[in-house]
Structure formats: structure tokens, C-alpha cells
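Asks: Dropping in upload_13.cif, which is mmCIF, N, CA and C atoms:
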```cif
data_my_file
#
loop_
_atom_site.label_atom_id
_atom_site.label_comp_id
_atom_site.auth_asym_id
_atom_site.auth_seq_id
_atom_site.Cartn_x
_atom_site.Cartn_y
_atom_site.Cartn_z
N MET A 11 -110.54 -63.24 -6.76
CA MET A 11 -109.39 -62.59 -7.34
C MET A 11 -108.79 -63.48 -8.41
N ILE A 12 -108.32 -62.85 -9.46
CA ILE A 12 -107.63 -63.54 -10.54
C ILE A 12 -106.26 -62.88 -10.69
N LEU A 13 -105.24 -63.70 -10.90
CA LEU A 13 -103.89 -63.23 -11.19
C LEU A 13 -103.41 -64.04 -12.38
N ASP A 14 -103.01 -63.35 -13.47
CA ASP A 14 -102.59 -64.07 -14.68
C ASP A 14 -101.78 -63.13 -15.58
N LYS A 15 -101.34 -63.68 -16.70
CA LYS A 15 -100.64 -62.90 -17.73
C LYS A 15 -101.65 -62.52 -18.81
N ILE A 16 -101.40 -61.40 -19.46
CA ILE A 16 -102.38 -60.85 -20.41
C ILE A 16 -102.67 -61.80 -21.56
N GLU A 17 -101.71 -62.64 -21.95
CA GLU A 17 -101.98 -63.56 -23.07
C GLU A 17 -103.07 -64.57 -22.74
N ASN A 18 -103.44 -64.69 -21.47
CA ASN A 18 -104.50 -65.62 -21.06
C ASN A 18 -105.84 -64.94 -20.80
N TYR A 19 -105.97 -63.67 -21.17
CA TYR A 19 -107.17 -62.92 -20.81
C TYR A 19 -108.46 -63.55 -21.33
N LYS A 20 -108.40 -64.26 -22.46
CA LYS A 20 -109.63 -64.84 -23.03
C LYS A 20 -110.25 -65.90 -22.12
N LEU A 21 -109.46 -66.45 -21.22
CA LEU A 21 -110.00 -67.42 -20.26
C LEU A 21 -111.04 -66.77 -19.34
N TYR A 22 -110.97 -65.45 -19.16
CA TYR A 22 -111.83 -64.75 -18.21
C TYR A 22 -112.81 -63.79 -18.87
N ALA A 23 -112.63 -63.52 -20.15
CA ALA A 23 -113.48 -62.54 -20.85
C ALA A 23 -114.94 -62.98 -20.90
N GLY A 24 -115.20 -64.27 -20.79
CA GLY A 24 -116.57 -64.75 -20.84
C GLY A 24 -117.35 -64.62 -19.54
N ILE A 25 -116.71 -64.13 -18.49
CA ILE A 25 -117.41 -64.01 -17.20
C ILE A 25 -118.57 -63.03 -17.33
N THR A 26 -118.31 -61.85 -17.90
CA THR A 26 -119.38 -60.89 -18.19
C THR A 26 -119.01 -60.14 -19.47
N GLU A 27 -120.01 -59.59 -20.11
CA GLU A 27 -119.77 -58.80 -21.33
C GLU A 27 -118.91 -57.57 -21.02
N ARG A 28 -119.13 -56.97 -19.87
CA ARG A 28 -118.36 -55.78 -19.52
C ARG A 28 -116.89 -56.12 -19.25
N LEU A 29 -116.64 -57.24 -18.58
CA LEU A 29 -115.25 -57.67 -18.40
C LEU A 29 -114.59 -57.90 -19.76
N ALA A 30 -115.33 -58.49 -20.68
CA ALA A 30 -114.80 -58.73 -22.03
C ALA A 30 -114.39 -57.41 -22.67
N LYS A 31 -115.21 -56.36 -22.52
CA LYS A 31 -114.88 -55.05 -23.09
C LYS A 31 -113.60 -54.48 -22.46
N GLY A 32 -113.46 -54.68 -21.16
CA GLY A 32 -112.25 -54.21 -20.48
C GLY A 32 -111.01 -54.93 -20.99
N PHE A 33 -111.10 -56.24 -21.14
CA PHE A 33 -109.96 -57.00 -21.65
C PHE A 33 -109.66 -56.65 -23.10
N GLU A 34 -110.70 -56.39 -23.90
CA GLU A 34 -110.49 -55.98 -25.31
C GLU A 34 -109.72 -54.66 -25.37
N PHE A 35 -110.04 -53.74 -24.47
CA PHE A 35 -109.30 -52.47 -24.41
C PHE A 35 -107.82 -52.75 -24.15
N LEU A 36 -107.54 -53.61 -23.20
CA LEU A 36 -106.14 -53.93 -22.87
C LEU A 36 -105.43 -54.60 -24.03
N ALA A 37 -106.12 -55.49 -24.72
CA ALA A 37 -105.50 -56.27 -25.79
C ALA A 37 -105.35 -55.49 -27.09
N ASN A 38 -106.21 -54.50 -27.32
CA ASN A 38 -106.26 -53.84 -28.64
C ASN A 38 -105.72 -52.42 -28.67
N ASN A 39 -105.04 -51.99 -27.62
CA ASN A 39 -104.48 -50.64 -27.58
C ASN A 39 -102.98 -50.71 -27.29
N ASN A 40 -102.26 -49.73 -27.81
CA ASN A 40 -100.84 -49.61 -27.50
C ASN A 40 -100.75 -48.91 -26.15
N LEU A 41 -100.78 -49.67 -25.08
CA LEU A 41 -100.86 -49.12 -23.74
C LEU A 41 -99.60 -48.34 -23.35
N VAL A 42 -98.47 -48.73 -23.88
CA VAL A 42 -97.22 -48.02 -23.59
C VAL A 42 -97.32 -46.57 -24.07
N ALA A 43 -98.00 -46.35 -25.18
CA ALA A 43 -98.11 -45.02 -25.76
C ALA A 43 -99.23 -44.17 -25.13
N LEU A 44 -100.13 -44.78 -24.39
CA LEU A 44 -101.24 -44.01 -23.80
C LEU A 44 -100.74 -43.08 -22.71
N ALA A 45 -101.24 -41.86 -22.74
CA ALA A 45 -100.91 -40.88 -21.70
C ALA A 45 -101.71 -41.19 -20.44
N SER A 46 -101.20 -40.76 -19.31
CA SER A 46 -101.95 -40.90 -18.06
C SER A 46 -103.28 -40.17 -18.21
N GLY A 47 -104.32 -40.77 -17.65
CA GLY A 47 -105.64 -40.16 -17.73
C GLY A 47 -106.71 -41.22 -17.76
N THR A 48 -107.95 -40.77 -17.99
CA THR A 48 -109.12 -41.64 -17.99
C THR A 48 -109.64 -41.81 -19.41
N TYR A 49 -109.99 -43.05 -19.75
CA TYR A 49 -110.47 -43.40 -21.10
C TYR A 49 -111.80 -44.13 -20.98
N ASP A 50 -112.83 -43.58 -21.63
CA ASP A 50 -114.15 -44.22 -21.61
C ASP A 50 -114.14 -45.39 -22.58
N ILE A 51 -114.66 -46.52 -22.13
CA ILE A 51 -114.73 -47.72 -22.96
C ILE A 51 -116.18 -48.05 -23.31
N ALA A 52 -117.07 -47.97 -22.33
CA ALA A 52 -118.48 -48.32 -22.55
C ALA A 52 -119.38 -47.42 -21.71
N GLU A 53 -119.44 -46.15 -22.08
CA GLU A 53 -120.37 -45.19 -21.48
C GLU A 53 -120.41 -45.26 -19.95
N LYS A 54 -119.27 -45.15 -19.33
CA LYS A 54 -119.09 -45.12 -17.87
C LYS A 54 -119.33 -46.46 -17.19
N ALA A 55 -119.86 -47.44 -17.90
CA ALA A 55 -120.01 -48.78 -17.33
C ALA A 55 -118.66 -49.49 -17.32
N VAL A 56 -117.78 -49.10 -18.22
CA VAL A 56 -116.41 -49.61 -18.28
C VAL A 56 -115.52 -48.45 -18.68
N PHE A 57 -114.50 -48.17 -17.88
CA PHE A 57 -113.55 -47.13 -18.23
C PHE A 57 -112.17 -47.51 -17.69
N ALA A 58 -111.16 -46.88 -18.26
CA ALA A 58 -109.78 -47.19 -17.89
C ALA A 58 -109.09 -45.96 -17.33
N ILE A 59 -108.25 -46.17 -16.33
CA ILE A 59 -107.45 -45.10 -15.75
C ILE A 59 -105.99 -45.50 -15.91
N VAL A 60 -105.25 -44.75 -16.72
CA VAL A 60 -103.82 -45.00 -16.91
C VAL A 60 -103.06 -44.16 -15.89
N GLN A 61 -102.17 -44.82 -15.14
CA GLN A 61 -101.45 -44.18 -14.04
C GLN A 61 -99.95 -44.41 -14.18
N GLU A 62 -99.18 -43.42 -13.77
CA GLU A 62 -97.73 -43.58 -13.65
C GLU A 62 -97.34 -43.05 -12.28
N TYR A 63 -96.57 -43.84 -11.53
CA TYR A 63 -96.20 -43.46 -10.18
C TYR A 63 -94.98 -44.24 -9.73
N ASP A 64 -94.43 -43.82 -8.60
CA ASP A 64 -93.35 -44.55 -7.96
C ASP A 64 -93.95 -45.40 -6.85
N THR A 65 -93.51 -46.66 -6.76
CA THR A 65 -94.01 -47.52 -5.69
C THR A 65 -93.52 -47.00 -4.34
N LYS A 66 -94.23 -47.40 -3.27
CA LYS A 66 -93.98 -46.83 -1.94
C LYS A 66 -93.77 -47.94 -0.90
N GLU A 67 -93.37 -47.54 0.28
CA GLU A 67 -93.26 -48.47 1.39
C GLU A 67 -94.66 -48.92 1.80
N ILE A 68 -94.75 -50.12 2.36
CA ILE A 68 -96.04 -50.67 2.77
C ILE A 68 -96.81 -49.70 3.66
N LYS A 69 -96.14 -49.06 4.59
CA LYS A 69 -96.81 -48.16 5.54
C LYS A 69 -97.50 -46.98 4.85
N ASP A 70 -97.11 -46.69 3.61
CA ASP A 70 -97.69 -45.57 2.88
C ASP A 70 -98.76 -46.00 1.87
N CYS A 71 -99.12 -47.27 1.88
CA CYS A 71 -100.11 -47.81 0.94
C CYS A 71 -101.36 -48.24 1.69
N VAL A 72 -102.52 -48.01 1.10
CA VAL A 72 -103.78 -48.30 1.78
C VAL A 72 -104.43 -49.56 1.24
N LEU A 73 -105.10 -50.27 2.14
CA LEU A 73 -105.88 -51.45 1.79
C LEU A 73 -107.27 -50.96 1.40
N GLU A 74 -107.72 -51.33 0.21
CA GLU A 74 -108.98 -50.78 -0.31
C GLU A 74 -109.86 -51.86 -0.94
N GLY A 75 -111.12 -51.52 -1.07
CA GLY A 75 -112.07 -52.39 -1.75
C GLY A 75 -113.14 -51.54 -2.42
N HIS A 76 -113.89 -52.17 -3.32
CA HIS A 76 -114.92 -51.48 -4.09
C HIS A 76 -116.19 -52.32 -4.10
N THR A 77 -117.35 -51.67 -4.22
CA THR A 77 -118.60 -52.41 -4.26
C THR A 77 -119.35 -52.25 -5.58
N LYS A 78 -119.14 -51.14 -6.29
CA LYS A 78 -119.86 -50.90 -7.54
C LYS A 78 -119.08 -51.35 -8.77
N TYR A 79 -117.77 -51.50 -8.64
CA TYR A 79 -116.92 -51.82 -9.78
C TYR A 79 -115.97 -52.97 -9.47
N ILE A 80 -115.71 -53.77 -10.49
CA ILE A 80 -114.64 -54.76 -10.48
C ILE A 80 -113.42 -54.05 -11.05
N ASP A 81 -112.25 -54.32 -10.49
CA ASP A 81 -111.00 -53.76 -11.00
C ASP A 81 -110.24 -54.80 -11.81
N ILE A 82 -109.84 -54.43 -13.02
CA ILE A 82 -108.80 -55.17 -13.74
C ILE A 82 -107.57 -54.26 -13.65
N GLN A 83 -106.51 -54.72 -13.01
CA GLN A 83 -105.30 -53.92 -12.89
C GLN A 83 -104.21 -54.58 -13.72
N TYR A 84 -103.76 -53.89 -14.75
CA TYR A 84 -102.78 -54.42 -15.70
C TYR A 84 -101.47 -53.64 -15.61
N MET A 85 -100.37 -54.36 -15.45
CA MET A 85 -99.05 -53.74 -15.32
C MET A 85 -98.45 -53.54 -16.70
N ILE A 86 -98.39 -52.28 -17.15
CA ILE A 86 -97.81 -51.95 -18.45
C ILE A 86 -96.28 -52.04 -18.36
N SER A 87 -95.72 -51.44 -17.31
CA SER A 87 -94.27 -51.52 -17.11
C SER A 87 -93.97 -51.37 -15.62
N GLY A 88 -92.85 -51.92 -15.21
CA GLY A 88 -92.44 -51.84 -13.82
C GLY A 88 -92.88 -53.07 -13.04
N THR A 89 -92.62 -53.01 -11.75
CA THR A 89 -92.94 -54.09 -10.82
C THR A 89 -93.49 -53.50 -9.54
N GLU A 90 -94.52 -54.12 -9.01
CA GLU A 90 -95.01 -53.73 -7.70
C GLU A 90 -95.52 -54.95 -6.95
N LEU A 91 -95.51 -54.83 -5.64
CA LEU A 91 -96.16 -55.82 -4.80
C LEU A 91 -97.57 -55.32 -4.53
N MET A 92 -98.49 -56.26 -4.38
CA MET A 92 -99.86 -55.88 -4.08
C MET A 92 -100.37 -56.78 -2.96
N GLY A 93 -100.81 -56.14 -1.88
CA GLY A 93 -101.40 -56.89 -0.79
C GLY A 93 -102.79 -57.36 -1.17
N VAL A 94 -103.14 -58.59 -0.77
CA VAL A 94 -104.46 -59.13 -1.08
C VAL A 94 -105.02 -59.88 0.12
N ILE A 95 -106.32 -59.77 0.31
CA ILE A 95 -107.05 -60.49 1.35
C ILE A 95 -108.54 -60.36 1.04
N THR A 96 -109.35 -61.23 1.59
CA THR A 96 -110.80 -61.11 1.40
C THR A 96 -111.36 -60.09 2.39
N LYS A 97 -112.54 -59.59 2.09
CA LYS A 97 -113.19 -58.56 2.89
C LYS A 97 -113.63 -59.06 4.28
N LYS A 98 -113.85 -60.35 4.41
CA LYS A 98 -114.41 -60.92 5.65
C LYS A 98 -113.67 -60.44 6.89
N ASP A 99 -114.41 -59.87 7.81
CA ASP A 99 -113.93 -59.47 9.14
C ASP A 99 -112.83 -58.41 9.13
N GLN A 100 -112.71 -57.62 8.07
CA GLN A 100 -111.71 -56.56 8.04
C GLN A 100 -112.32 -55.28 8.61
N LYS A 101 -111.50 -54.52 9.33
CA LYS A 101 -111.97 -53.30 9.98
C LYS A 101 -111.98 -52.13 9.00
N VAL A 102 -113.13 -51.48 8.84
CA VAL A 102 -113.28 -50.32 7.96
C VAL A 102 -112.65 -49.09 8.63
N VAL A 103 -111.84 -48.36 7.86
CA VAL A 103 -111.23 -47.12 8.34
C VAL A 103 -112.03 -45.93 7.84
N SER A 104 -112.36 -45.91 6.54
CA SER A 104 -113.18 -44.84 5.96
C SER A 104 -113.80 -45.34 4.67
N SER A 105 -114.85 -44.61 4.23
CA SER A 105 -115.57 -45.05 3.04
C SER A 105 -116.17 -43.84 2.33
N ASP A 106 -116.26 -43.94 1.00
CA ASP A 106 -116.93 -42.94 0.20
C ASP A 106 -117.78 -43.69 -0.83
N VAL A 107 -119.07 -43.77 -0.58
CA VAL A 107 -119.98 -44.54 -1.44
C VAL A 107 -120.01 -43.97 -2.85
N ASP A 108 -120.05 -42.65 -2.99
CA ASP A 108 -120.11 -42.03 -4.31
C ASP A 108 -118.87 -42.32 -5.15
N LYS A 109 -117.70 -42.33 -4.52
CA LYS A 109 -116.45 -42.59 -5.24
C LYS A 109 -116.10 -44.08 -5.27
N ASP A 110 -116.95 -44.91 -4.68
CA ASP A 110 -116.82 -46.37 -4.68
C ASP A 110 -115.49 -46.86 -4.12
N TYR A 111 -115.17 -46.41 -2.93
CA TYR A 111 -114.03 -47.01 -2.25
C TYR A 111 -114.28 -47.09 -0.75
N THR A 112 -113.70 -48.09 -0.16
CA THR A 112 -113.64 -48.24 1.29
C THR A 112 -112.21 -48.60 1.63
N PHE A 113 -111.65 -47.92 2.63
CA PHE A 113 -110.31 -48.23 3.11
C PHE A 113 -110.44 -49.09 4.36
N TYR A 114 -109.52 -50.04 4.48
CA TYR A 114 -109.55 -50.99 5.58
C TYR A 114 -108.22 -51.00 6.30
N GLU A 115 -108.26 -51.56 7.50
CA GLU A 115 -107.06 -51.79 8.29
C GLU A 115 -106.86 -53.30 8.34
N GLY A 116 -105.65 -53.76 8.11
CA GLY A 116 -105.42 -55.20 8.22
C GLY A 116 -104.17 -55.66 7.51
N GLU A 117 -103.77 -56.86 7.85
CA GLU A 117 -102.60 -57.49 7.25
C GLU A 117 -103.02 -58.21 5.97
N THR A 118 -102.10 -58.35 5.04
CA THR A 118 -102.39 -59.01 3.77
C THR A 118 -101.24 -59.94 3.39
N ALA A 119 -101.53 -60.85 2.48
CA ALA A 119 -100.49 -61.59 1.78
C ALA A 119 -100.09 -60.70 0.60
N TYR A 120 -98.90 -60.93 0.02
CA TYR A 120 -98.44 -60.09 -1.08
C TYR A 120 -98.16 -60.93 -2.33
N ILE A 121 -98.60 -60.37 -3.46
CA ILE A 121 -98.29 -60.96 -4.76
C ILE A 121 -97.44 -59.97 -5.52
N LYS A 122 -96.67 -60.46 -6.47
CA LYS A 122 -95.78 -59.61 -7.25
C LYS A 122 -96.33 -59.51 -8.67
N LEU A 123 -96.55 -58.27 -9.12
CA LEU A 123 -97.00 -58.01 -10.47
C LEU A 123 -95.85 -57.42 -11.28
N THR A 124 -95.60 -58.01 -12.44
CA THR A 124 -94.58 -57.52 -13.34
C THR A 124 -95.22 -57.22 -14.68
N GLU A 125 -94.47 -56.62 -15.57
CA GLU A 125 -94.96 -56.24 -16.89
C GLU A 125 -95.70 -57.40 -17.55
N GLY A 126 -96.91 -57.10 -18.06
CA GLY A 126 -97.71 -58.09 -18.77
C GLY A 126 -98.65 -58.90 -17.89
N MET A 127 -98.65 -58.64 -16.59
CA MET A 127 -99.54 -59.37 -15.68
C MET A 127 -100.75 -58.50 -15.33
N PHE A 128 -101.84 -59.19 -14.95
CA PHE A 128 -103.02 -58.47 -14.49
C PHE A 128 -103.65 -59.18 -13.30
N THR A 129 -104.43 -58.42 -12.56
CA THR A 129 -105.27 -58.96 -11.49
C THR A 129 -106.70 -58.53 -11.78
N VAL A 130 -107.64 -59.31 -11.28
CA VAL A 130 -109.05 -58.91 -11.29
C VAL A 130 -109.52 -58.99 -9.85
N PHE A 131 -110.03 -57.88 -9.35
CA PHE A 131 -110.54 -57.82 -7.99
C PHE A 131 -112.05 -57.64 -8.02
N PHE A 132 -112.74 -58.57 -7.39
CA PHE A 132 -114.19 -58.53 -7.27
C PHE A 132 -114.54 -57.85 -5.93
N PRO A 133 -115.83 -57.54 -5.68
CA PRO A 133 -116.19 -56.81 -4.46
C PRO A 133 -115.75 -57.46 -3.15
N ASP A 134 -115.55 -58.74 -3.11
CA ASP A 134 -115.12 -59.39 -1.87
C ASP A 134 -113.60 -59.41 -1.72
N ASP A 135 -112.88 -58.91 -2.72
CA ASP A 135 -111.42 -58.91 -2.70
C ASP A 135 -110.90 -57.53 -2.31
N LEU A 136 -110.05 -57.49 -1.30
CA LEU A 136 -109.39 -56.23 -0.94
C LEU A 136 -107.98 -56.25 -1.48
N HIS A 137 -107.45 -55.08 -1.80
CA HIS A 137 -106.10 -55.00 -2.36
C HIS A 137 -105.39 -53.75 -1.84
N ARG A 138 -104.06 -53.91 -1.69
CA ARG A 138 -103.19 -52.81 -1.26
C ARG A 138 -102.17 -52.62 -2.39
N PRO A 139 -102.48 -51.74 -3.36
CA PRO A 139 -101.58 -51.55 -4.50
C PRO A 139 -100.42 -50.61 -4.17
N CYS A 140 -99.49 -50.51 -5.12
CA CYS A 140 -98.41 -49.51 -5.12
C CYS A 140 -97.25 -49.83 -4.18
N VAL A 141 -97.15 -51.05 -3.68
CA VAL A 141 -96.10 -51.40 -2.72
C VAL A 141 -94.80 -51.71 -3.45
N GLN A 142 -93.71 -51.14 -2.97
CA GLN A 142 -92.41 -51.37 -3.59
C GLN A 142 -91.89 -52.78 -3.31
N ASP A 143 -91.12 -53.29 -4.24
CA ASP A 143 -90.49 -54.60 -4.13
C ASP A 143 -89.01 -54.37 -3.78
N GLY A 144 -88.74 -54.14 -2.51
CA GLY A 144 -87.37 -53.87 -2.07
C GLY A 144 -87.02 -52.40 -2.09
N GLN A 145 -87.18 -51.77 -3.24
CA GLN A 145 -86.93 -50.33 -3.35
C GLN A 145 -87.96 -49.72 -4.29
N SER A 146 -88.10 -48.42 -4.19
CA SER A 146 -89.08 -47.72 -5.02
C SER A 146 -88.69 -47.82 -6.49
N SER A 147 -89.72 -47.98 -7.33
CA SER A 147 -89.48 -48.02 -8.77
C SER A 147 -90.66 -47.39 -9.50
N LYS A 148 -90.42 -46.98 -10.74
CA LYS A 148 -91.45 -46.36 -11.58
C LYS A 148 -92.35 -47.45 -12.15
N VAL A 149 -93.66 -47.19 -12.10
CA VAL A 149 -94.66 -48.12 -12.61
C VAL A 149 -95.59 -47.37 -13.55
N LYS A 150 -95.99 -48.05 -14.61
CA LYS A 150 -97.09 -47.57 -15.45
C LYS A 150 -98.11 -48.68 -15.46
N LYS A 151 -99.33 -48.34 -15.07
CA LYS A 151 -100.38 -49.34 -14.90
C LYS A 151 -101.69 -48.78 -15.42
N VAL A 152 -102.56 -49.66 -15.87
CA VAL A 152 -103.92 -49.26 -16.22
C VAL A 152 -104.88 -50.04 -15.34
N VAL A 153 -105.82 -49.29 -14.76
CA VAL A 153 -106.89 -49.90 -13.97
C VAL A 153 -108.18 -49.74 -14.76
N VAL A 154 -108.75 -50.87 -15.16
CA VAL A 154 -110.02 -50.85 -15.87
C VAL A 154 -111.11 -51.08 -14.83
N LYS A 155 -112.04 -50.14 -14.75
CA LYS A 155 -113.16 -50.22 -13.82
C LYS A 155 -114.36 -50.77 -14.58
N VAL A 156 -114.91 -51.87 -14.07
CA VAL A 156 -116.01 -52.57 -14.72
C VAL A 156 -117.21 -52.55 -13.79
N GLN A 157 -118.24 -51.82 -14.18
CA GLN A 157 -119.42 -51.70 -13.32
C GLN A 157 -120.12 -53.05 -13.20
N ILE A 158 -120.56 -53.33 -11.97
CA ILE A 158 -121.24 -54.60 -11.70
C ILE A 158 -122.69 -54.50 -12.14
#
```
Can you dump the structure from the file as C-alpha cells?
Replies:
Amino acid sequence: MILDKIENYKLYAGITERLAKGFEFLANNNLVALASGTYDIAEKAVFAIVQEYDTKEIKDCVLEGHTKYIDIQYMISGTELMGVITKKDQKVVSSDVDKDYTFYEGETAYIKLTEGMFTVFFPDDLHRPCVQDGQSSKVKKVVVKVQI
């Protein structure tokens, strides 16, 4: 897992060419102006999902992981807490191989994401997004999916 501010993205862009394309999308677009929806970056190998939602109580948020894609999650506006833990020894609740998600049961540590911050989640990293920080608030976020 990586947690950083967007101005430092070049430190990680060299990990893979596809990650670099995802970071270039974040750096070279007016993300505030983008409408919610899906944006193709590199022929389905890299794509972005722009989301707007209200953060929720922990009990209403799911712990998830992916095996086919790395997630870059960038906070355009708002604040949310995100639960994080490694996949090791976590109990699977449900899975959909075609949609590339597995839901887990378990406790996590929490990190706080604010405007201009991003996380990178690799297949061994589980995350519980959308958690409110004290009270519910509006968030605009982009999740860049990077095929492994």
C-alpha cells in the first residue's frame, strides 16, 4: 500500500508503465470538472471511475480486495477514513471473479484521506473505503484501475 500526496506521484510512476498512465491521467486532467462515470485510459488495461457519494458509518462499509487490478484512489474533494489491512488470514465473505472483487470480514486500521491525497492498493492490500470521519460528508474521488 502507498499513501501520499499527488505532488509526489512521480516517485511511484516508475513501478509499471500502466501505473504511470494512471498517474498521468490524475495529473493532466481537471478532475474537479469531470462528471461521475468511467473513463478509458489505456484500452481497458487502465481506466478511471469518478465517484461522488456521502461517507457512511463503518458498519455500512465493506472490506474489499482485488486480484486483477491495482487501485489508485485519489481524493478530489472531501475527507474519508479508509480501513486498511493485508489479505493474510482474512475471512472471505463473498467473491466475484469476473468483477474482480472479494469482500472480507475483519478489523482494520484507519487512515485519513483528504483532498489531494491518494492511495495505491496492490492485490495483497485490503481496503474499506467510504468511512465517515465523525459525520457524513460529500466526497468526490477517482479510482484508477490498473490491470496487473
Asks: Using only C-alpha atoms, which protein or nucleic acid residues come within 8 Å of Lys150 (chain A)? Drop anything in the same chain fewer than 3 positions from it, and give the result as an MDAnalysis selection string.
Replies: chainID A and resid 60:63 85:88
Asks: Which residues fall under the PyMOL selection byres ((chain A and resi 23-35) around 7) in this file, as a ChimeraX atom specification?
Replies: /A:18-22,36-39,51,55-57,154,156-157
Asks: Expanded to explicit residues, what is the PyMOL selection byres (((chain A and resi 94-105 and name CA) around 8) and name CA) for this file, as an MDAnalysis selection string?
Replies: chainID A and resid 75 92:93 106:107 110:121 134:138
Asks: Counting all atoms listed in the file, I want the residues whose atoms come within 7 Å of (-106.4, -46.4, -13.8) in the file frame, returned as a ChimeraX atom specification.
Replies: /A:47-48,58-61,151-155
Asks: So which bits of region 25-155 of chain A end up alpha helix (DSSP H) when you DSSP the backbone, as a PyMOL selection string?
Replies: chain A and resi 27-38
Asks: Nearest to Met11 (chain A): which of A:Gln145, A:Leu73, A:Ile80, A:Thr129 is it, counting only N, CA and C atoms?
Replies: A:Thr129
Asks: Rounded to one decimal place, report the CA of Glu53 (chain A)-CA of Glu125 (chain A) distance in Å.
Replies: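 Value for the CA of Glu53 (chain A)-CA of Glu125 (chain A) distance: 28.1 Å.
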Asks: Enumerate as a list of chain:residue names all residues of region 18-82 of chain A assigned to strand (DSSP E or B) by DSSP on the backbone, naming them with the chain letters and numbers the document uses.
Replies: A:Gly47, A:Thr48, A:Tyr49, A:Asp50, A:Val56, A:Phe57, A:Ala58, A:Ile59, A:Val60, A:Gln61, A:Glu62, A:Tyr63, A:Asp64, A:Lys66, A:Leu73, A:Glu74, A:Gly75, A:Tyr79, A:Ile80, A:Asp81, A:Ile82
Asks: Using atom C of Lys54 (chain A) and atom C of Tyr79 (chain A) as the two end points, give the distance in Å to one decimal.
Replies: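 That distance, rounded to one decimal, is 10.6 Å.
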Asks: With all atoms listed in the file as the counted atoms, please give the residues lying no more than 5 Å from Ser147 (chain A), apart from itself and same-chain residues fewer than 2 positions off, as a ChimeraX atom specification.
Replies: /A:64-65,145,149
Asks: Give me the result of the PyMOL selection byres ((chain A and resi 14) around 6.5) on this file, residue by residue, as a list of chain:residue names.
Replies: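 This file gives the following for the PyMOL selection byres ((chain A and resi 14) around 6.5): A:Ile12, A:Leu13, A:Lys15, A:Ile16, A:Glu17, A:Asn18, A:Gly126, A:Met127, A:Phe128, A:Thr129.
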Asks: Write to file, as a PDB file, in the coordinates of the input, the residues of the selection just made, with N, CA and C atoms.
Replies:
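Wrote it out as out.pdb, contents follow:
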```
ATOM      1  N   ILE A  12    -108.320 -62.850  -9.460  1.00  0.00           N
ATOM      2  CA  ILE A  12    -107.630 -63.540 -10.540  1.00  0.00           C
ATOM      3  C   ILE A  12    -106.260 -62.880 -10.690  1.00  0.00           C
ATOM      4  N   LEU A  13    -105.240 -63.700 -10.900  1.00  0.00           N
ATOM      5  CA  LEU A  13    -103.890 -63.230 -11.190  1.00  0.00           C
ATOM      6  C   LEU A  13    -103.410 -64.040 -12.380  1.00  0.00           C
ATOM      7  N   LYS A  15    -101.340 -63.680 -16.700  1.00  0.00           N
ATOM      8  CA  LYS A  15    -100.640 -62.900 -17.730  1.00  0.00           C
ATOM      9  C   LYS A  15    -101.650 -62.520 -18.810  1.00  0.00           C
ATOM     10  N   ILE A  16    -101.400 -61.400 -19.460  1.00  0.00           N
ATOM     11  CA  ILE A  16    -102.380 -60.850 -20.410  1.00  0.00           C
ATOM     12  C   ILE A  16    -102.670 -61.800 -21.560  1.00  0.00           C
ATOM     13  N   GLU A  17    -101.710 -62.640 -21.950  1.00  0.00           N
ATOM     14  CA  GLU A  17    -101.980 -63.560 -23.070  1.00  0.00           C
ATOM     15  C   GLU A  17    -103.070 -64.570 -22.740  1.00  0.00           C
ATOM     16  N   ASN A  18    -103.440 -64.690 -21.470  1.00  0.00           N
ATOM     17  CA  ASN A  18    -104.500 -65.620 -21.060  1.00  0.00           C
ATOM     18  C   ASN A  18    -105.840 -64.940 -20.800  1.00  0.00           C
ATOM     19  N   GLY A 126     -96.910 -57.100 -18.060  1.00  0.00           N
ATOM     20  CA  GLY A 126     -97.710 -58.090 -18.770  1.00  0.00           C
ATOM     21  C   GLY A 126     -98.650 -58.900 -17.890  1.00  0.00           C
ATOM     22  N   MET A 127     -98.650 -58.640 -16.590  1.00  0.00           N
ATOM     23  CA  MET A 127     -99.540 -59.370 -15.680  1.00  0.00           C
ATOM     24  C   MET A 127    -100.750 -58.500 -15.330  1.00  0.00           C
ATOM     25  N   PHE A 128    -101.840 -59.190 -14.950  1.00  0.00           N
ATOM     26  CA  PHE A 128    -103.020 -58.470 -14.490  1.00  0.00           C
ATOM     27  C   PHE A 128    -103.650 -59.180 -13.300  1.00  0.00           C
ATOM     28  N   THR A 129    -104.430 -58.420 -12.560  1.00  0.00           N
ATOM     29  CA  THR A 129    -105.270 -58.960 -11.490  1.00  0.00           C
ATOM     30  C   THR A 129    -106.700 -58.530 -11.780  1.00  0.00           C
TER      31      THR A 129
END
```
Asks: Just to confirm, what's the straight-line distance from CA of Ala52 (chain A) to atom C of Glu74 (chain A) in Å (one decimal)?
Replies: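 Computing the Euclidean distance for CA of Ala52 (chain A) and atom C of Glu74 (chain A) yields 23.5 Å.
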Asks: So which residues are close to (-96.7, -50.0, -3.5), meaning at most 7 Å away in the file's coordinates with only C-alpha atoms counted, and can you show them as a list in words?
Replies: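 Output of the proximity query reads Thr65, Lys66, Glu67, Ile68, Cys71, Glu90, Leu91, Met92, Pro139, Cys140, Val141 and Gln142 of chain A.
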Asks: A:Phe132, A:Ser146, A:Thr124, A:Ala43: which is nearest Lys78 (chain A), counting only C-alpha atoms?
Replies: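 The shortest atom-to-atom distance to Lys78 (chain A) comes from A:Phe132.
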Asks: Calculated over only N, CA and C atoms, which of the candidates A:Asp70, A:Thr89, A:Leu123, A:Tyr84 has the smallest distance to Lys148 (chain A)?
Replies: A:Thr89
